[in-house]
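The structure under discussion appears below in the form of structure tokens.
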Amino acid sequence: MDRILFGDNQFFGINHMSDEHARSQSMQFQSNEAVMAMLDGVLEEGIEVLMCTTHERVAAICETIRAQPARYRQLKIYPCMPYAHKYANAVSEVGIIEAVRKFLPDESPLTAAVKSGIAVARRDVDALIRRLIDAEMKMFVAIPTPVIFLQNVVTDLALGLGFHDALRTFHDHVRERYGAEPGFITMNLPRLLEALDTVGIDNPIVCANVNKIGFRMCGGLPAYEETVATRKFRAVAMSVFASGAIPAAEAIEYVCGQPRIESIVFGASSLGKVRHTKYLIDHYTALGRGEPCSVRVQ
């Protein structure tokens, strides 16, 4: 995986600390042109991965990328699925059976079964998971997606219910159908790694909150630090700034001080912040490797 990944929260008005800031970002990126302008700038800064949800607006972004293959030849997307609000809204509007049917591919042999409730009645969850993954992935056709993540809303639900086989189904289908690496997003890193062990998933890619104040880190900061230091997995750190509660340099110094963290994902609403954050990551990563750093952190 790349060291630096660019996230999409700011594009869709998501901020876990400030509703006012979230609304401001939502207005700033209300047009697809504004989103693409930011992505163009991010690529110019040398960040070549967009880690994004399967929000409805992402489909339009993907259409733009496909229409200009030369311009976006270096861009890779790490899809994160499902976008929970999309399904929740559909369930509220048409009910669970029709909602599942709505998102299944038309060619799916399960479509008729779900229409009559047979698949749900038989708890044919394995087949449903595979078909829903395929439905989510349709928007990314012809775009490199080397890593595909399961969103924490589903990861942690399966974890809490003890339904670990669902995690294995996701893992296997992503590898077999898309030739990609499966990743898991979680709010409980220590417990998830234990669960993945039970279904034989070795050295998984796991994205979790990692920040020096323990913000949204279920199990507590000491447990996370021990897990990162001792467990075999490929760690992606998110929420490193704790939604703005930690100054940028302090936040990045801490995360880069955890030497086994492979990647860092962050979002930003301006190219100045992108540039500064990338510099901080490069700077403290080099320090951690014992490499010379010629420029002082501002």
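In the structure tokens, chains take letters A, B, ... by order of appearance, with residues numbered from 1 within each chain and ligands from 1 in the order shown.
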
task = Find the residues near Thr54 of chain A: any atom within 10 Å, counting only C-alpha atoms, skip ones fewer than 2 places away on the same chain, and give them as number ranges by chain.
result = A: 52, 56-59, 79-84, 86, 136-137, 139-140, 151

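Nearest to Pro146 of chain A of all the residues A:Leu75, A:Ala158, A:Ala245, A:Cys207 is A:Leu75, based on only C-alpha atoms.
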
Closest atom pairs, segment 194-214 of chain A residues within 8 Å of segment 164-179 of chain A, only C-alpha atoms, as a Markdown table:
```
| residue | atom | partner | partner_atom | distance |
| --- | --- | --- | --- | --- |
| A:Ala195 | CA | A:His164 | CA | 6.4 |
| A:Leu196 | CA | A:His164 | CA | 7.3 |
| A:Thr198 | CA | A:His164 | CA | 7.8 |
| A:Val199 | CA | A:Arg168 | CA | 6.4 |
| A:Ile201 | CA | A:Arg168 | CA | 7.3 |
```

query = Which residue, A:Glu45, A:Glu262, A:Ala37, A:Val255, has the smallest gap to Val274 of chain A when you use only C-alpha atoms?
reply = A:Glu45

request  = Tell me, as a VMD selection string, which residues lie within 12 Å of Val265 of chain A, counting only C-alpha atoms; anything in the same chain fewer than 6 positions away does not count.
outcome  = chain A and resid 1 to 9 47 to 52 78 185 207 to 210 235 to 241 252 255 274 277 to 278 281

message = I need the residues of segment 103-248 of chain A that end up classed as strand (DSSP E or B) by DSSP on the backbone, written out as a VMD selection string.
response = chain A and resid 147 to 150 181 to 186 205 to 209 234 to 238

task = Skip Leu192 of chain A itself and residues of its chain fewer than 5 positions away, then list as JSON, numbers by chain all residues within 12 Å of it, counting only C-alpha atoms.
result = {"A": [152, 154, 155, 156, 157, 158, 159, 160, 162, 163, 164, 167, 183, 184, 185, 186, 187, 197, 198, 199, 201, 204, 205, 206, 207, 208, 218, 219, 224, 227, 231, 233]}

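Minimum atom-to-atom distance to Tyr284 of chain A, evaluated using only C-alpha atoms, belongs to A:Pro259 out of A:Pro259, A:Met27, A:Gly267, A:Gly41.
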
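What separates atom CA of Val141 of chain A from atom CA of Phe266 of chain A is a distance of 24.8 Å.
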
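Counting only C-alpha atoms, Ile213 of chain A has the following residues at most 9 Å away, ignoring those fewer than 6 positions along the same chain: Leu221, Ala242, Ala245 and Ile246 of chain A.
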
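Between atom CA of Thr64 of chain A and atom CA of Asp40 of chain A the interatomic distance comes to 11.7 Å.
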
task = List the neighbours of His276 of chain A out to 12 Å using only C-alpha atoms; skip same-chain residues closer than 5 positions along the sequence, and give me the result as a ChimeraX atom specification.
result = /A:42,45,248-249,252,266,268,270-271,281-283,297-298

Give me a file of those residues, with all heavy atoms, as a CSV table (one decimal), in the first residue's frame.
```csv
chain,number,residue,atom,x,y,z
A,42,VAL,N,-4.4,17.1,-5.3
A,42,VAL,CA,-3.9,16.0,-4.5
A,42,VAL,C,-2.9,15.2,-5.3
A,42,VAL,O,-1.8,14.9,-4.9
A,42,VAL,CB,-5.0,15.2,-3.9
A,42,VAL,CG1,-4.5,13.9,-3.3
A,42,VAL,CG2,-5.8,15.9,-2.9
A,45,GLU,N,0.4,16.8,-5.8
A,45,GLU,CA,1.2,16.8,-4.6
A,45,GLU,C,1.9,15.4,-4.4
A,45,GLU,O,2.6,15.2,-3.5
A,45,GLU,CB,0.4,17.1,-3.3
A,45,GLU,CG,-0.1,18.5,-3.3
A,45,GLU,CD,1.0,19.5,-3.2
A,45,GLU,OE1,2.1,19.2,-2.6
A,45,GLU,OE2,0.9,20.6,-3.9
A,248,ALA,N,-1.5,19.5,14.2
A,248,ALA,CA,-1.1,18.7,13.1
A,248,ALA,C,0.3,18.0,13.3
A,248,ALA,O,0.4,16.8,13.2
A,248,ALA,CB,-1.1,19.5,11.8
A,249,ALA,N,1.3,18.8,13.6
A,249,ALA,CA,2.6,18.3,13.8
A,249,ALA,C,2.7,17.3,14.9
A,249,ALA,O,3.3,16.2,14.8
A,249,ALA,CB,3.6,19.4,14.0
A,252,ILE,N,0.9,14.0,13.8
A,252,ILE,CA,1.7,13.2,12.8
A,252,ILE,C,2.9,12.6,13.4
A,252,ILE,O,3.3,11.5,13.1
A,252,ILE,CB,2.0,14.0,11.6
A,252,ILE,CG1,0.7,14.4,10.8
A,252,ILE,CG2,2.9,13.2,10.6
A,252,ILE,CD1,-0.2,13.3,10.4
A,266,PHE,N,-5.9,10.6,5.5
A,266,PHE,CA,-6.4,11.8,6.0
A,266,PHE,C,-7.2,12.5,5.0
A,266,PHE,O,-7.1,12.3,3.8
A,266,PHE,CB,-5.3,12.7,6.5
A,266,PHE,CG,-4.5,13.4,5.4
A,266,PHE,CD1,-4.8,14.7,5.0
A,266,PHE,CD2,-3.4,12.7,4.8
A,266,PHE,CE1,-4.1,15.3,4.0
A,266,PHE,CE2,-2.7,13.3,3.8
A,266,PHE,CZ,-3.1,14.6,3.3
A,268,ALA,N,-8.8,16.6,3.8
A,268,ALA,CA,-8.5,18.0,4.0
A,268,ALA,C,-9.4,18.8,3.1
A,268,ALA,O,-9.7,18.3,2.0
A,268,ALA,CB,-7.0,18.3,3.8
A,270,SER,N,-8.5,21.9,1.9
A,270,SER,CA,-7.7,22.9,1.1
A,270,SER,C,-6.4,22.2,0.7
A,270,SER,O,-5.9,21.3,1.4
A,270,SER,CB,-7.4,24.1,1.9
A,270,SER,OG,-6.5,23.9,2.9
A,271,LEU,N,-5.9,22.6,-0.4
A,271,LEU,CA,-4.6,22.1,-0.9
A,271,LEU,C,-3.5,22.5,0.0
A,271,LEU,O,-2.5,21.7,0.1
A,271,LEU,CB,-4.4,22.5,-2.3
A,271,LEU,CG,-5.2,21.8,-3.4
A,271,LEU,CD1,-5.0,22.3,-4.8
A,271,LEU,CD2,-5.0,20.3,-3.4
A,281,ILE,N,4.1,14.1,7.2
A,281,ILE,CA,4.2,12.6,7.2
A,281,ILE,C,5.6,12.2,6.6
A,281,ILE,O,6.3,11.4,7.1
A,281,ILE,CB,3.1,12.0,6.3
A,281,ILE,CG1,1.7,12.2,7.0
A,281,ILE,CG2,3.3,10.5,6.1
A,281,ILE,CD1,0.5,11.8,6.2
A,282,ASP,N,6.0,12.9,5.5
A,282,ASP,CA,7.3,12.6,4.9
A,282,ASP,C,8.4,12.9,5.9
A,282,ASP,O,9.4,12.1,6.1
A,282,ASP,CB,7.5,13.4,3.7
A,282,ASP,CG,6.6,13.0,2.5
A,282,ASP,OD1,6.1,11.8,2.6
A,282,ASP,OD2,6.4,13.8,1.6
A,283,HIS,N,8.3,14.0,6.6
A,283,HIS,CA,9.3,14.5,7.6
A,283,HIS,C,9.5,13.5,8.7
A,283,HIS,O,10.6,13.0,9.0
A,283,HIS,CB,8.9,15.8,8.1
A,283,HIS,CG,9.9,16.4,9.2
A,283,HIS,ND1,11.0,17.0,8.9
A,283,HIS,CD2,9.8,16.3,10.5
A,283,HIS,CE1,11.6,17.4,10.0
A,283,HIS,NE2,10.9,17.0,11.0
A,297,VAL,N,10.0,21.5,10.8
A,297,VAL,CA,8.6,21.6,10.8
A,297,VAL,C,8.1,22.9,11.3
A,297,VAL,O,8.6,23.5,12.3
A,297,VAL,CB,8.0,20.5,11.8
A,297,VAL,CG1,6.5,20.6,11.9
A,297,VAL,CG2,8.4,19.1,11.2
A,298,GLN,N,7.2,23.5,10.5
A,298,GLN,CA,6.6,24.8,10.9
A,298,GLN,C,5.4,24.6,11.8
A,298,GLN,O,4.7,23.7,11.7
A,298,GLN,CB,6.2,25.5,9.6
A,298,GLN,CG,7.3,25.8,8.6
A,298,GLN,CD,8.4,26.6,9.2
A,298,GLN,OE1,8.1,27.6,9.9
A,298,GLN,NE2,9.6,26.2,9.0
```
